[in-house]
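The file final.txt contains compact mmCIF, C-alpha atoms and all ligand atoms:
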# COMPACT_ATOMS: atom_id res chain seq x y z
CA MET L 1 69.89 99.62 75.73
CA THR L 2 71.26 100.76 79.09
CA SER L 3 69.32 101.64 82.18
CA PRO L 4 69.37 105.31 83.20
CA THR L 5 72.49 106.27 85.07
CA ASN L 6 73.60 109.12 87.22
CA ALA L 7 77.07 109.30 85.75
CA GLN L 8 76.31 110.96 82.45
CA ALA L 9 78.80 112.88 80.45
CA VAL L 10 76.62 115.86 79.56
CA SER L 11 78.57 116.68 76.42
CA GLU L 12 77.76 113.30 74.86
CA ALA L 13 74.36 112.77 73.31
CA GLN L 14 71.89 110.99 75.55
CA ALA L 15 68.56 109.56 74.44
CA TYR L 16 65.50 108.79 76.55
CA ARG L 17 62.80 106.34 75.46
CA ALA L 18 59.33 106.94 76.96
CA GLN L 19 55.92 108.36 76.20
CA LEU L 20 56.40 112.04 75.44
CA LEU L 21 54.00 114.88 76.09
CA TYR L 22 54.47 118.55 75.25
CA PHE L 23 52.75 121.49 73.57
CA ARG L 24 53.98 123.09 70.39
CA ASP L 25 54.41 126.82 70.07
CA THR L 26 51.40 127.67 67.95
CA PRO L 27 48.62 130.19 68.34
CA LYS L 28 46.20 127.25 68.45
CA ALA L 29 44.35 126.23 71.60
CA GLU L 30 46.45 123.96 73.78
CA ASP L 31 44.32 120.95 72.87
CA GLU L 32 45.41 121.21 69.25
CA ALA L 33 49.01 122.10 70.07
CA CYS L 34 49.37 119.03 72.28
CA GLU L 35 51.83 116.39 71.09
CA TRP L 36 51.59 112.92 72.61
CA VAL L 37 54.09 110.37 71.35
CA ARG L 38 53.33 106.94 72.77
CA ASP L 39 56.71 105.39 71.98
CA GLY L 40 59.00 108.37 71.80
CA LEU L 41 62.64 109.26 71.91
CA LEU L 42 64.08 112.46 73.33
CA VAL L 43 67.66 113.22 72.34
CA VAL L 44 69.76 115.63 74.35
CA ARG L 45 73.18 117.09 73.81
CA ASP L 46 75.11 119.91 75.48
CA GLY L 47 72.17 120.76 77.68
CA HIS L 48 69.71 121.14 74.80
CA ILE L 49 67.14 118.94 73.13
CA THR L 50 68.29 118.01 69.65
CA HIS L 51 65.48 115.66 68.59
CA CYS L 52 62.06 114.74 69.84
CA GLY L 53 59.87 112.23 68.04
CA GLY L 54 58.90 108.61 67.50
CA TYR L 55 61.38 105.97 68.64
CA ASP L 56 61.16 104.11 65.32
CA GLN L 57 61.92 107.25 63.30
CA LEU L 58 64.81 108.48 65.41
CA ILE L 59 66.62 105.39 66.64
CA GLY L 60 68.42 104.90 63.32
CA GLN L 61 69.75 108.48 63.29
CA LEU L 62 71.50 108.61 66.63
CA PRO L 63 75.20 109.42 66.67
CA THR L 64 77.14 106.25 67.37
CA GLY L 65 77.76 105.72 71.03
CA THR L 66 74.61 107.54 72.15
CA ALA L 67 73.32 106.00 75.38
CA VAL L 68 69.62 105.17 75.21
CA HIS L 69 67.96 105.32 78.63
CA ASP L 70 64.91 103.17 78.93
CA TRP L 71 62.01 104.94 80.61
CA ARG L 72 59.33 102.88 78.89
CA GLY L 73 56.14 102.79 80.97
CA HIS L 74 56.80 106.41 82.00
CA LEU L 75 55.73 109.80 80.65
CA ILE L 76 58.31 112.50 79.91
CA THR L 77 57.04 116.08 80.00
CA PRO L 78 58.80 119.44 80.16
CA GLY L 79 59.78 120.41 83.72
CA PHE L 80 57.13 122.39 85.55
CA ILE L 81 57.28 126.19 85.86
CA ASP L 82 56.07 127.64 89.18
CA THR L 83 55.49 131.36 88.68
CA HIS L 84 55.27 132.48 92.34
CA ILE L 85 57.07 131.03 95.34
CA HIS L 86 58.94 132.32 98.40
CA TYR L 87 62.11 130.38 99.19
CA PRO L 88 62.57 132.02 102.62
CA GLN L 89 59.21 130.59 103.71
CA THR L 90 60.33 126.98 103.35
CA ASP L 91 60.79 126.47 107.08
CA MET L 92 57.42 127.98 107.99
CA ILE L 93 55.19 126.19 105.48
CA ALA L 94 51.98 125.00 107.15
CA SER L 95 51.90 127.70 109.83
CA PRO L 96 48.34 128.33 111.03
CA ALA L 97 46.89 131.85 111.11
CA PRO L 98 43.50 133.49 110.64
CA GLY L 99 44.25 134.99 107.22
CA LEU L 100 46.99 136.72 105.27
CA LEU L 101 47.80 139.79 107.37
CA PRO L 102 48.11 138.00 110.77
CA TRP L 103 50.04 135.20 109.02
CA LEU L 104 52.54 137.75 107.68
CA GLU L 105 53.04 139.34 111.10
CA THR L 106 53.11 136.20 113.21
CA TYR L 107 55.16 133.86 111.09
CA THR L 108 56.44 135.34 107.88
CA PHE L 109 58.32 138.42 108.98
CA PRO L 110 60.09 136.76 111.95
CA THR L 111 61.11 133.85 109.71
CA GLU L 112 62.41 136.17 106.98
CA ARG L 113 64.51 137.99 109.58
CA ARG L 114 66.77 134.94 109.77
CA PHE L 115 68.04 135.65 106.24
CA GLU L 116 70.28 138.39 107.54
CA ASP L 117 72.58 135.37 108.10
CA PRO L 118 74.05 134.28 104.73
CA ALA L 119 74.82 130.79 106.06
CA TYR L 120 71.16 130.26 106.91
CA ALA L 121 70.14 131.61 103.50
CA GLN L 122 72.48 129.16 101.79
CA ASP L 123 71.17 126.24 103.81
CA VAL L 124 67.54 127.05 102.98
CA ALA L 125 68.35 127.70 99.30
CA GLN L 126 69.90 124.25 99.06
CA PHE L 127 66.95 122.49 100.64
CA PHE L 128 64.48 124.57 98.61
CA LEU L 129 66.10 123.73 95.29
CA ASP L 130 66.31 120.04 96.22
CA GLU L 131 62.62 120.11 97.00
CA LEU L 132 61.73 121.80 93.70
CA MET L 133 63.68 119.13 91.83
CA ARG L 134 61.92 116.36 93.77
CA CYS L 135 58.61 117.84 92.67
CA GLY L 136 59.64 118.25 89.03
CA THR L 137 59.77 122.06 89.04
CA THR L 138 62.73 123.14 86.93
CA THR L 139 61.96 126.88 86.76
CA ALA L 140 60.43 129.07 89.44
CA MET L 141 59.86 132.78 90.02
CA VAL L 142 61.26 133.18 93.48
CA TYR L 143 60.89 135.86 96.15
CA CYS L 144 63.94 136.25 98.35
CA THR L 145 63.89 138.47 101.46
CA VAL L 146 64.72 142.15 101.79
CA HIS L 147 68.36 141.21 102.47
CA PRO L 148 70.52 141.39 99.31
CA GLY L 149 72.47 138.42 100.70
CA SER L 150 69.37 136.23 100.48
CA ALA L 151 69.22 136.77 96.72
CA GLN L 152 72.95 136.37 96.38
CA ALA L 153 72.81 133.01 98.22
CA PHE L 154 69.92 131.83 96.10
CA PHE L 155 71.51 132.74 92.78
CA GLU L 156 74.84 131.22 93.74
CA GLU L 157 73.18 127.92 94.56
CA SER L 158 70.98 127.92 91.45
CA HIS L 159 73.90 128.90 89.20
CA ALA L 160 76.09 126.15 90.64
CA ARG L 161 73.37 123.65 89.67
CA ASN L 162 72.82 125.27 86.26
CA LEU L 163 69.09 125.72 86.86
CA ARG L 164 66.90 128.22 84.99
CA MET L 165 65.60 130.33 87.88
CA ILE L 166 64.10 133.81 88.16
CA ALA L 167 64.46 135.59 91.50
CA GLY L 168 64.68 138.93 93.20
CA LYS L 169 65.35 140.71 96.46
CA VAL L 170 62.14 141.92 98.09
CA MET L 171 61.77 145.70 98.26
CA MET L 172 59.79 147.04 101.24
CA ASP L 173 60.25 150.35 102.97
CA ARG L 174 57.15 150.71 105.16
CA ASN L 175 54.47 148.81 107.10
CA CYS L 176 56.80 146.05 108.13
CA PRO L 177 59.12 145.52 111.12
CA ASP L 178 62.18 147.79 111.21
CA TYR L 179 64.44 144.76 110.94
CA LEU L 180 63.05 143.99 107.46
CA ARG L 181 62.90 147.49 106.07
CA ASP L 182 64.98 148.91 103.24
CA THR L 183 64.63 152.46 101.90
CA ALA L 184 63.59 153.66 98.48
CA GLU L 185 67.25 154.45 97.89
CA SER L 186 68.87 151.27 99.27
CA GLY L 187 66.18 149.01 97.78
CA ALA L 188 66.80 150.43 94.32
CA ARG L 189 70.59 150.40 94.68
CA ASP L 190 70.71 146.79 95.95
CA SER L 191 68.23 145.58 93.33
CA GLU L 192 70.24 147.19 90.55
CA MET L 193 73.47 145.69 91.87
CA LEU L 194 71.90 142.23 91.98
CA LEU L 195 70.30 142.44 88.58
CA ARG L 196 73.54 143.60 86.98
CA ARG L 197 75.34 140.72 88.66
CA TRP L 198 72.83 137.98 87.93
CA HIS L 199 70.37 138.76 85.11
CA GLY L 200 71.68 136.67 82.24
CA THR L 201 74.53 135.11 84.20
CA GLY L 202 74.35 131.50 83.08
CA ARG L 203 70.70 130.58 83.37
CA GLN L 204 69.81 133.09 86.09
CA LEU L 205 67.25 135.85 85.53
CA TYR L 206 66.33 138.78 87.74
CA ALA L 207 62.90 139.94 88.92
CA LEU L 208 62.29 143.36 90.48
CA THR L 209 60.32 142.40 93.57
CA PRO L 210 58.32 145.11 95.36
CA ARG L 211 56.62 142.81 97.90
CA PHE L 212 53.15 144.36 97.54
CA ALA L 213 51.86 147.92 97.38
CA PRO L 214 51.21 148.28 101.15
CA THR L 215 54.87 147.74 102.02
CA SER L 216 56.25 150.22 99.49
CA THR L 217 56.06 154.00 99.67
CA PRO L 218 55.11 155.81 96.48
CA GLU L 219 58.77 156.83 96.36
CA GLN L 220 59.90 153.20 96.33
CA LEU L 221 57.42 152.29 93.59
CA GLY L 222 58.75 155.25 91.63
CA ARG L 223 62.32 153.93 91.95
CA CYS L 224 61.08 150.55 90.85
CA ARG L 225 59.54 152.14 87.75
CA GLU L 226 62.89 153.75 86.90
CA LEU L 227 64.63 150.38 87.13
CA ALA L 228 61.92 148.70 85.07
CA GLN L 229 62.41 151.33 82.37
CA ALA L 230 66.19 151.10 82.47
CA TYR L 231 66.13 147.29 82.22
CA PRO L 232 63.18 146.42 79.97
CA ASP L 233 63.85 142.68 79.81
CA VAL L 234 64.00 142.01 83.56
CA PHE L 235 61.03 140.42 85.25
CA ILE L 236 58.75 142.11 87.79
CA GLN L 237 56.85 140.26 90.49
CA SER L 238 54.44 141.32 93.20
CA HIS L 239 51.15 140.42 94.88
CA VAL L 240 47.77 141.89 93.99
CA ALA L 241 44.19 141.55 95.21
CA GLU L 242 44.80 138.46 97.32
CA ASN L 243 42.65 139.13 100.35
CA ARG L 244 39.72 141.44 101.13
CA ASP L 245 41.34 143.06 104.18
CA GLU L 246 44.49 143.66 102.18
CA VAL L 247 42.51 145.29 99.36
CA LYS L 248 40.76 147.64 101.81
CA TRP L 249 44.06 148.57 103.40
CA VAL L 250 45.68 149.30 100.04
CA MET L 251 42.85 151.52 98.90
CA ASP L 252 43.28 153.60 102.09
CA LEU L 253 47.03 153.84 101.57
CA PHE L 254 46.75 154.85 97.90
CA PRO L 255 43.73 157.15 97.58
CA GLY L 256 42.70 158.17 94.08
CA HIS L 257 43.41 154.87 92.37
CA ARG L 258 40.65 153.06 90.52
CA SER L 259 41.71 149.69 91.88
CA TYR L 260 44.62 147.87 93.54
CA LEU L 261 45.97 146.79 90.15
CA ASP L 262 45.76 150.39 88.97
CA ILE L 263 48.47 151.35 91.48
CA TYR L 264 50.99 149.09 89.73
CA ASP L 265 49.77 150.38 86.39
CA ARG L 266 50.40 154.02 87.34
CA TYR L 267 53.92 153.12 88.44
CA GLY L 268 54.70 151.50 85.09
CA LEU L 269 54.80 148.00 86.55
CA LEU L 270 52.29 146.33 84.24
CA ARG L 271 54.09 145.06 81.18
CA PRO L 272 55.31 141.81 79.59
CA ARG L 273 57.31 139.74 82.09
CA ALA L 274 55.43 141.25 85.06
CA VAL L 275 53.79 138.52 87.12
CA TYR L 276 51.15 139.25 89.76
CA GLY L 277 50.39 136.66 92.41
CA HIS L 278 46.79 135.81 93.35
CA CYS L 279 44.53 138.19 91.34
CA VAL L 280 41.52 136.97 93.31
CA TRP L 281 39.66 140.26 93.88
CA LEU L 282 39.99 141.80 90.42
CA ASP L 283 37.20 143.32 88.40
CA ASP L 284 36.70 143.07 84.66
CA ASP L 285 38.58 146.30 83.93
CA ASP L 286 41.56 144.87 85.80
CA ARG L 287 41.38 141.61 83.83
CA ARG L 288 41.31 143.56 80.58
CA ARG L 289 44.18 145.74 81.70
CA LEU L 290 46.31 142.73 82.62
CA ARG L 291 45.69 141.26 79.18
CA ASP L 292 46.38 144.49 77.29
CA SER L 293 49.55 145.26 79.22
CA GLY L 294 51.05 141.81 78.65
CA ALA L 295 51.29 141.19 82.40
CA VAL L 296 50.45 137.79 83.81
CA ALA L 297 48.35 136.39 86.65
CA ALA L 298 49.86 133.70 88.88
CA HIS L 299 47.02 131.62 90.29
CA CYS L 300 47.97 130.18 93.70
CA PRO L 301 45.14 127.82 94.65
CA THR L 302 46.65 125.99 97.63
CA SER L 303 47.62 129.31 99.21
CA ASN L 304 44.29 130.97 98.51
CA GLN L 305 42.50 128.11 100.21
CA PHE L 306 44.98 127.69 103.06
CA LEU L 307 44.81 131.40 103.98
CA GLY L 308 41.10 131.67 103.11
CA SER L 309 41.87 134.42 100.60
CA GLY L 310 39.18 133.59 98.05
CA LEU L 311 38.43 131.74 94.82
CA PHE L 312 40.24 132.71 91.63
CA ASP L 313 37.71 133.25 88.82
CA HIS L 314 38.98 131.08 85.95
CA ALA L 315 35.94 131.62 83.79
CA ALA L 316 36.31 135.40 83.93
CA ALA L 317 40.04 135.19 83.23
CA GLN L 318 39.32 133.03 80.20
CA ASP L 319 36.53 135.32 78.98
CA PHE L 320 38.85 138.32 79.06
CA GLY L 321 41.88 136.52 77.71
CA THR L 322 43.91 137.26 80.86
CA PRO L 323 47.14 135.22 80.81
CA VAL L 324 47.03 132.74 83.70
CA THR L 325 49.85 130.63 85.08
CA LEU L 326 49.92 128.26 88.05
CA ALA L 327 51.95 128.74 91.19
CA THR L 328 52.43 127.24 94.63
CA ASP L 329 53.09 130.41 96.70
CA VAL L 330 54.94 128.35 99.30
CA GLY L 331 54.87 129.05 102.32
CA GLY L 332 51.32 130.51 102.03
CA GLY L 333 50.85 127.60 99.67
CA SER L 334 50.74 124.22 101.32
CA SER L 335 52.61 122.14 98.75
CA PHE L 336 55.72 122.43 96.55
CA SER L 337 54.09 120.09 94.03
CA MET L 338 52.68 121.55 90.82
CA LEU L 339 50.59 118.36 90.49
CA GLN L 340 48.94 119.14 93.82
CA THR L 341 48.58 122.73 92.67
CA MET L 342 46.70 121.49 89.58
CA ASN L 343 44.52 119.34 91.81
CA GLU L 344 43.42 122.39 93.81
CA ALA L 345 43.16 124.63 90.74
CA HIS L 346 40.76 122.16 89.20
CA LYS L 347 38.57 122.12 92.31
CA VAL L 348 38.55 125.92 92.60
CA ALA L 349 37.45 126.16 88.97
CA ARG L 350 34.73 123.55 89.57
CA LEU L 351 33.34 125.61 92.45
CA SER L 352 32.61 128.40 89.99
CA GLY L 353 31.13 126.02 87.43
CA HIS L 354 34.20 126.08 85.19
CA HIS L 355 35.88 122.92 83.92
CA LEU L 356 39.65 123.23 83.87
CA THR L 357 40.99 120.32 81.85
CA ALA L 358 44.16 118.48 82.79
CA ARG L 359 45.57 119.30 79.36
CA ARG L 360 45.08 122.99 80.00
CA MET L 361 46.71 122.75 83.42
CA PHE L 362 49.72 120.88 82.02
CA TRP L 363 49.94 123.56 79.33
CA GLN L 364 49.72 126.33 81.94
CA ALA L 365 52.48 124.71 83.97
CA THR L 366 54.83 124.27 80.98
CA GLN L 367 54.52 125.85 77.54
CA GLY L 368 51.88 128.36 78.64
CA ALA L 369 54.04 129.69 81.46
CA ALA L 370 57.08 129.88 79.17
CA LYS L 371 55.05 131.84 76.63
CA HIS L 372 53.69 134.29 79.20
CA LEU L 373 57.16 134.80 80.67
CA GLY L 374 58.70 135.52 77.27
CA LEU L 375 60.73 132.30 77.35
CA THR L 376 59.08 130.44 74.48
CA GLY L 377 61.38 127.92 72.84
CA GLN L 378 63.79 128.05 75.76
CA ILE L 379 61.88 126.18 78.46
CA GLY L 380 58.49 124.51 78.91
CA THR L 381 58.74 122.34 75.80
CA LEU L 382 60.42 119.24 74.40
CA GLU L 383 60.87 120.76 70.94
CA ALA L 384 64.35 120.60 69.42
CA GLY L 385 66.43 123.62 70.38
CA ALA L 386 64.95 124.00 73.85
CA GLU L 387 66.95 123.71 77.04
CA ALA L 388 66.77 120.10 78.25
CA ASP L 389 64.67 120.64 81.38
CA PHE L 390 62.32 117.68 81.58
CA ILE L 391 60.78 115.25 84.03
CA VAL L 392 59.85 111.60 84.06
CA LEU L 393 56.42 110.89 85.51
CA ASN L 394 55.65 107.40 86.81
CA PRO L 395 52.04 106.30 86.37
CA THR L 396 52.56 103.46 88.88
CA ALA L 397 54.24 105.59 91.56
CA THR L 398 51.64 104.68 94.17
CA PRO L 399 49.29 101.70 94.33
CA LEU L 400 46.29 103.95 93.75
CA LEU L 401 47.87 105.77 90.78
CA ALA L 402 48.81 102.40 89.30
CA ARG L 403 45.30 101.06 89.68
CA ARG L 404 43.72 104.19 88.22
CA THR L 405 46.13 104.67 85.33
CA ALA L 406 45.75 101.01 84.33
CA ARG L 407 42.17 101.96 83.49
CA THR L 408 42.58 105.38 81.86
CA GLU L 409 41.25 105.47 78.32
CA SER L 410 42.54 108.77 76.98
CA LEU L 411 45.40 111.19 77.41
CA GLU L 412 43.08 113.53 79.30
CA GLU L 413 42.24 110.80 81.79
CA LEU L 414 45.91 109.93 82.27
CA LEU L 415 46.93 113.56 82.87
CA PHE L 416 43.93 114.06 85.10
CA ALA L 417 44.97 111.08 87.24
CA PHE L 418 48.47 112.57 87.62
CA ALA L 419 46.97 115.93 88.58
CA MET L 420 44.44 114.58 91.09
CA LEU L 421 46.46 111.72 92.62
CA GLY L 422 50.07 112.72 91.99
CA ASP L 423 52.63 114.64 94.01
CA ASP L 424 56.41 114.38 94.43
CA ARG L 425 56.09 110.59 94.47
CA ALA L 426 55.00 110.64 90.82
CA VAL L 427 58.26 112.30 89.73
CA ALA L 428 60.69 109.47 89.00
CA ALA L 429 63.45 111.78 87.76
CA THR L 430 64.16 115.41 86.95
CA TYR L 431 66.68 116.67 84.38
CA ALA L 432 67.97 120.23 84.16
CA ALA L 433 70.03 121.31 81.15
CA GLY L 434 70.33 117.61 80.34
CA ARG L 435 71.76 116.66 83.72
CA GLU L 436 69.91 114.37 86.10
CA VAL L 437 69.22 116.49 89.19
CA HIS L 438 66.80 114.18 90.95
CA ARG L 439 66.14 110.44 90.92
CA ARG L 440 63.49 108.92 93.12
CA ALA L 441 64.89 106.10 95.20
N1 LIG H 501 51.49 139.46 100.35
C1 LIG H 501 52.62 140.10 100.72
N2 LIG H 501 53.57 139.25 101.10
C2 LIG H 501 53.06 138.04 100.96
C3 LIG H 501 53.58 136.73 101.17
O1 LIG H 501 54.72 136.53 101.59
N3 LIG H 501 52.74 135.70 100.91
C4 LIG H 501 51.48 135.89 100.45
N4 LIG H 501 50.71 134.83 100.19
N5 LIG H 501 50.96 137.10 100.25
C5 LIG H 501 51.75 138.16 100.50
ZN ZN H 502 53.37 135.15 97.60
Using C-alpha cells, write down the structure from this file.
Ligand code: GUN
Ligand code: ZN
Amino acid sequence: MTSPTNAQAVSEAQAYRAQLLYFRDTPKAEDEACEWVRDGLLVVRDGHITHCGGYDQLIGQLPTGTAVHDWRGHLITPGFIDTHIHYPQTDMIASPAPGLLPWLETYTFPTERRFEDPAYAQDVAQFFLDELMRCGTTTAMVYCTVHPGSAQAFFEESHARNLRMIAGKVMMDRNCPDYLRDTAESGARDSEMLLRRWHGTGRQLYALTPRFAPTSTPEQLGRCRELAQAYPDVFIQSHVAENRDEVKWVMDLFPGHRSYLDIYDRYGLLRPRAVYGHCVWLDDDDRRRLRDSGAVAAHCPTSNQFLGSGLFDHAAAQDFGTPVTLATDVGGGSSFSMLQTMNEAHKVARLSGHHLTARRMFWQATQGAAKHLGLTGQIGTLEAGAEADFIVLNPTATPLLARRTARTESLEELLFAFAMLGDDRAVAATYAAGREVHRRA
C-alpha cells in the first residue's frame, strides 16, 4: 500500500482506504439513506467514482496496478456544496457595519468596483478557489460582480482546475452606485453571452444573477424572465427576505405584491434550480410557494448573525417541506468553512427549539444540495458513477477534536464533533474530478 501522493495519473485507477460516509439517492429520510462504511474503499478512474464499498469486498477486484492510498483513521465524505457565496467579497470579509444596507454601501459596492480590472478579478478568483478547496467545498453557487469580466475570470480559473462551479454575473440597474450599474439591455445581453460561453463548458454551469429585487427595475426582471424561459436548465440566484429594512424597502419599490418572494414569482423566477439566499422573513405562504415551485432556500447562518439579519426558521421550513441548503454567504458570512456554517446553523435551530442533527446538516451540504440543484448522481455522493469530488476529514486535526472524537460513541456524535469543532483544519485533503486539489501540510 502506498501513501497518498500528489503526482497521480488521473487516467489510472486510484483507490482510497478510509471510513466512508455518504447518502444514497432515495426518497427516504436522510437518516435511512445514510451509508457509513467503517473500513471502506473508494475507487476512482477518469474523474469518476467506479466503486464504493467495503475494503474486504473490493480489494480483490481492483485492476492490477491500482494505487491504494491509505487514509485509515480518516473519514471520506463527498465534497461540500455551498449554495450562496460572493467571490468578489473575499477581500472584505469581516467588515463591520450596522446591518445589511449600510454594509452594502460602505464596503461591498466600493470593493466590487475593483472588478472592472480583469487582473484583480483573476487574482481574487485564484485565492477564492484555493480557499474553497482548503475548506473542502468542491461546488459553490457564486455571485460575481456586475462586470462581465468578473464572471469570465472566475469561469476561466474554475475551468482550468476542472471544478464543478455554478456562477453568474450580477445584474443591477438601479439603487446602486453608477459605477456598478448595468442596464436592462446590457445586463441581459452580457448574461446571455456568458451563459452561452460557459453553461456546460467542461464542468461550469451558469446562474442568472439579479442581485436582489431592489437593485433591478421591473424591466430588468422582465429580461431575466425571458432568459430563464429561453434557457430552462440554467440556474437562477438572488437574495430574498434577509433583513427587515430591506423587506420594507422592497415592498415600497414593488407595490401590489403579496410579499417579497411574490415579486420573483411574478417574474417567473421561482422554479427548479432557482436558489434564494437567506429566506429569513418569509411567511407560510412563501414557504409553500417555494416548495411547490421547486425553488430552494439557501440558509446562511454566519451571515445572518454577523449582519444581525435574523434567525432562519428551520422548524417552519421542515413543516412546509421547503427545500433547504446551507451556504456561507461570504463576505456577509464570516467563514468559508461549511463545518463552521453547520455549527452556526445548529445553534440558530436550537434558538427556535428545533434540533438540527449533524446527519441532516451533512446531508444538506452534500446529497441534499445536489438533489435540490438538480445534480443528483453527479455530485454530493460517493456512489459509483458520480464525479469524484470528495474530501478527507481528519478526526485528530486539532488536540481538542482528537480528544473529543476519541470518545464519540456513534456516527452522529462523530459528525457532530466535526460540525461543532471543525473548520479548514479538519480537511486533510480535497479531490476534484479525482485530482488532489488540496493537501493540508
Ligand atoms: N443583498 C444584496 N446584495 C447582497 C450581498 O452582497 N450580500 C448579502 N448578504 N445580501 C445582499
Ligand atoms: Zn449573498
Using all atoms listed in the file, I'd like a table of the residues in chain L that come within 9 Å of ligand ZN 502 (chain H); for each, show the closest atom pair and its distance in Å rounded to one decimal, ordered by chain and ascending number, as a tab-separated table.
residue	atom	partner	partner_atom	distance
L:His84	CA	H:ZN502	ZN	6.2
L:Ile85	CA	H:ZN502	ZN	6.0
L:His86	CA	H:ZN502	ZN	6.3
L:Tyr143	CA	H:ZN502	ZN	7.7
L:Arg211	CA	H:ZN502	ZN	8.3
L:Ser238	CA	H:ZN502	ZN	7.7
L:His239	CA	H:ZN502	ZN	6.3
L:Gly277	CA	H:ZN502	ZN	6.2
L:His278	CA	H:ZN502	ZN	7.9
L:Cys300	CA	H:ZN502	ZN	8.3
L:Ser303	CA	H:ZN502	ZN	8.4
L:Thr328	CA	H:ZN502	ZN	8.5
L:Asp329	CA	H:ZN502	ZN	4.8
L:Val330	CA	H:ZN502	ZN	7.2
L:Gly331	CA	H:ZN502	ZN	7.9
L:Gly332	CA	H:ZN502	ZN	6.7
L:Gly333	CA	H:ZN502	ZN	8.2
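The spacing separating CA of Leu326 (chain L) from CA of Pro148 (chain L) amounts to 26.9 Å.
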Original post:
Hey, can you check how far CA of Val240 (chain L) sits from CA of Tyr276 (chain L)?
Top reply: 6.0 Å
Subject >> From L:Trp198, L:Phe312, L:Trp363, L:Phe306, residue lying nearest Leu100 (chain L) [all atoms listed in the file] >> reply: L:Phe306
Subject >> Spatial neighbours of Gly268 (chain L), max dist 12 Å, all atoms listed in the file, sep filter under 5 positions, as a PyMOL selection string >> reply: chain L and resi 221-230+232+236+261-263+274+293+295
Please produce a file of those selected residues containing C-alpha atoms, as a PDB file, keeping the file's coordinate frame.
ATOM      1  CA  LEU L 221      57.420 152.290  93.590  1.00  0.00           C
ATOM      2  CA  GLY L 222      58.750 155.250  91.630  1.00  0.00           C
ATOM      3  CA  ARG L 223      62.320 153.930  91.950  1.00  0.00           C
ATOM      4  CA  CYS L 224      61.080 150.550  90.850  1.00  0.00           C
ATOM      5  CA  ARG L 225      59.540 152.140  87.750  1.00  0.00           C
ATOM      6  CA  GLU L 226      62.890 153.750  86.900  1.00  0.00           C
ATOM      7  CA  LEU L 227      64.630 150.380  87.130  1.00  0.00           C
ATOM      8  CA  ALA L 228      61.920 148.700  85.070  1.00  0.00           C
ATOM      9  CA  GLN L 229      62.410 151.330  82.370  1.00  0.00           C
ATOM     10  CA  ALA L 230      66.190 151.100  82.470  1.00  0.00           C
ATOM     11  CA  PRO L 232      63.180 146.420  79.970  1.00  0.00           C
ATOM     12  CA  ILE L 236      58.750 142.110  87.790  1.00  0.00           C
ATOM     13  CA  LEU L 261      45.970 146.790  90.150  1.00  0.00           C
ATOM     14  CA  ASP L 262      45.760 150.390  88.970  1.00  0.00           C
ATOM     15  CA  ILE L 263      48.470 151.350  91.480  1.00  0.00           C
ATOM     16  CA  ALA L 274      55.430 141.250  85.060  1.00  0.00           C
ATOM     17  CA  SER L 293      49.550 145.260  79.220  1.00  0.00           C
ATOM     18  CA  ALA L 295      51.290 141.190  82.400  1.00  0.00           C
TER      19      ALA L 295
END
Subject >> Nearby residues (all atoms listed in the file) at most 8 Å from region 408-412 of chain L, same-chain spacing under 6 positions excluded, as a list in words >> reply: Thr357, Ala358 and Arg359 of chain L
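Interatomic distance, CA of Glu192 (chain L) to CA of Leu208 (chain L): 8.8 Å.
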Find the smallest box with edges along x, y and z containing every listed atom of ligand LIG 501 (chain H), then add 3 Å on each side and report centre and edge lengths in Å to one decimal, as lines of an AutoDock Vina configuration file.
center_x = 52.7
center_y = 137.5
center_z = 100.9
size_x = 10.0
size_y = 11.3
size_z = 7.4
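Considering the residues L:Leu101, L:Met420, L:Leu393, L:Leu415 and counting only C-alpha atoms and all ligand atoms, ligand LIG 501 (chain H) has its shortest atom-to-atom contact with L:Leu101.
Candidate residues L:Thr217, L:Asn394, L:Ser158, L:Gln14 were compared for distance to Ala184 (chain L), and the nearest is L:Thr217, using all atoms listed in the file.
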**OP:** Please identify all polymer residues within 12 Å of Val146 (chain L), counting only C-alpha atoms, omitting same-chain residues fewer than 5 positions from it, and present them as number ranges by chain.
**Re:** L: 86, 88, 109, 112-116, 121, 151-152, 168-174, 176-183, 186-188, 190-191, 208-211, 215-216
